[in-house]
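Below is one structure; the comments refer to it alone.
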Amino acid sequence: MGAISGKEYLKRINQLNNEVWLDGKKIEGAISEHPVFKGILQEKAALYDLQLNPKYKSDMTFLSPETGNRIGLSYMQPKSIEDLIKKRKASELWAKQTFGMMGRSPDYLNTVLMSFASSAGFLEGKGNCFPQNLTAFYKSAREKDLSFTHTFISPQVNRSQIYIENSKEPIALKVVDVKDDGIVVKGARLLATQGGLTDEVLVFSVGRFLFNEDEAFAFSIPSNTKGLRFICRDTFMGGPSRFDHPLSSRYEEIDSIVVFDNVLVPWERVFYYNNGEVAEEFITQSSFHAFAKHQVITRQIAKTEFILGVAQLLVETIKINDYQHIQEKITEIMLGLETMKALREKAENHASLDDHGMLRPDVIPLNAAGVVFPKMYPRFTEIIQIMGASGMITLPTENAFQSSIRKDLDQYLQGATKSAEDRVKVFRLAWDLTMSSFGTRETQYERYFFGDPVRLASQFYKEYPKEPYADTVSEFLHLNKS
């Protein structure tokens, strides 16, 4: 089949008729026409169209080693530096198309599945593990150009360090039965971004599983599997007007709770189950962190470039770019951008072949980016809020400019270098980026993209090769080795 078009993607999602709930109501009819989902689905369809555009086809696709069909580069298993750079440039094209605002552009989870399949050998010979299923499913997904949401997180019932669930009915998703035709799972998982808007749900367990190995599993199932439903949070889309809500009208991805009501997962879809040791180690031992974070840093660079553009356009619009404190603030964004670019370049320059023959980018600079960016992004949004000041509040709507008060708006809301309408467009974009419900979700999203920032910093400390530096100082001081 090969790489699909946007039209094919939308047709597939509509035909699945996934069980999606919003505001207590089940979505009926074509989900691509629903006002809350239409914007994000159109933007996602445009990404699929881009990979078939003759101008970008060779940059976005490659020939399948199985069928010879052109398939998405996000599914490529890189085995050379040339492969790695080509794969990254494909992600870059999609990231720039969405200005880094689509955290679940198709390449993210395509890359995640690719990384898991690339490390399937880790599962060989281990109990209740089926590496052949993982490899076969990866190959099938890349040939069909399947789209994915994923869910790694259990509901936050009790976050104390020692908690063992003892409710009568499962809360966290767990295996409740093992049958001849597969495993049966029941419970819920968080935080499926674009839940119900994809072909598949990729489910992996993350964490420690002492006394609860029934929560340790990995599988993928179609989004319309019987007993599967997606309960969406309230929408952060302010409305369909691209003047009033330039970002949320396009990029509101919506997050959901995924409920599994005695869902049967066929054996051919199970990658492993009831193996706590494998579930705990596979995420770290596989190439997941290296490849997933390589895609993420590419998107975050594109997002930072967009933020820099918004900030600079804002200060030019009201002529505040000559103030030194403004220059200092813009410089913070520039430094953040250059830091992220440098970390990605180091990750690529220090890439090496792993035990499975895949060229992994160096994960240390990528982990550094994962610790740094969650701190930088809230600061970027704060900078735009501070520079915009009260101008971020006094923002009339598109309808106001089409009314009899247009003359007043043209007179009193004009900018130093822009008409009133263009000035409001710039400020509404800055507001939607940083202060609307969509904008604040973006800040929270980047803050916790790979988990708790404190835990990430602690993990970075533990894994970083510190000893050679301490040894150098010890030799300088002629300290006795302990």
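Chain labels run A, B, ... following the order of the structure tokens; each chain numbers its residues from 1, and ligands are numbered from 1 in the order shown.
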Report task. List every residue of stretch 332-444 of chain A that DSSP, applied to the backbone, labels as helix (DSSP H, G or I), and write the result as a count of residues only. Result -> 82
**Report entry** Who sits within 10 Å of A:Lys425, only C-alpha atoms, same chain under 5 positions skipped, as an MDAnalysis selection string
**Finding:** chainID A and resid 242:246 395:398 418:420 430:431
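Considering the residues A:Ile330, A:Met76, A:Ala90, A:Val36 and counting only C-alpha atoms, A:Asp234 has its shortest atom-to-atom contact with A:Val36.
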Query raised in the report: Counting only C-alpha atoms, which of A:Gly370, A:Gly439, A:Gly2, A:Pro222 gets nearest to A:Met237?
Result: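 Looking at the shortest contact to A:Met237, the residue is A:Gly439.
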Query raised in the report: Taking into account only C-alpha atoms, which residue in the set A:Ala120, A:Leu197, A:Met101, A:Leu343 is nearest to A:Thr304?
Result: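 Among the listed residues, A:Met101 lies closest to A:Thr304.
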**Report entry** Selection near stretch 251-256 of chain A, 10 Å with only C-alpha atoms, sequence-local residues under 3 positions removed, as a PyMOL selection string
**Finding:** chain A and resi 20-22+36-44+98-105+149+151+189-197+229-238+246-248+259+438-439+441-442
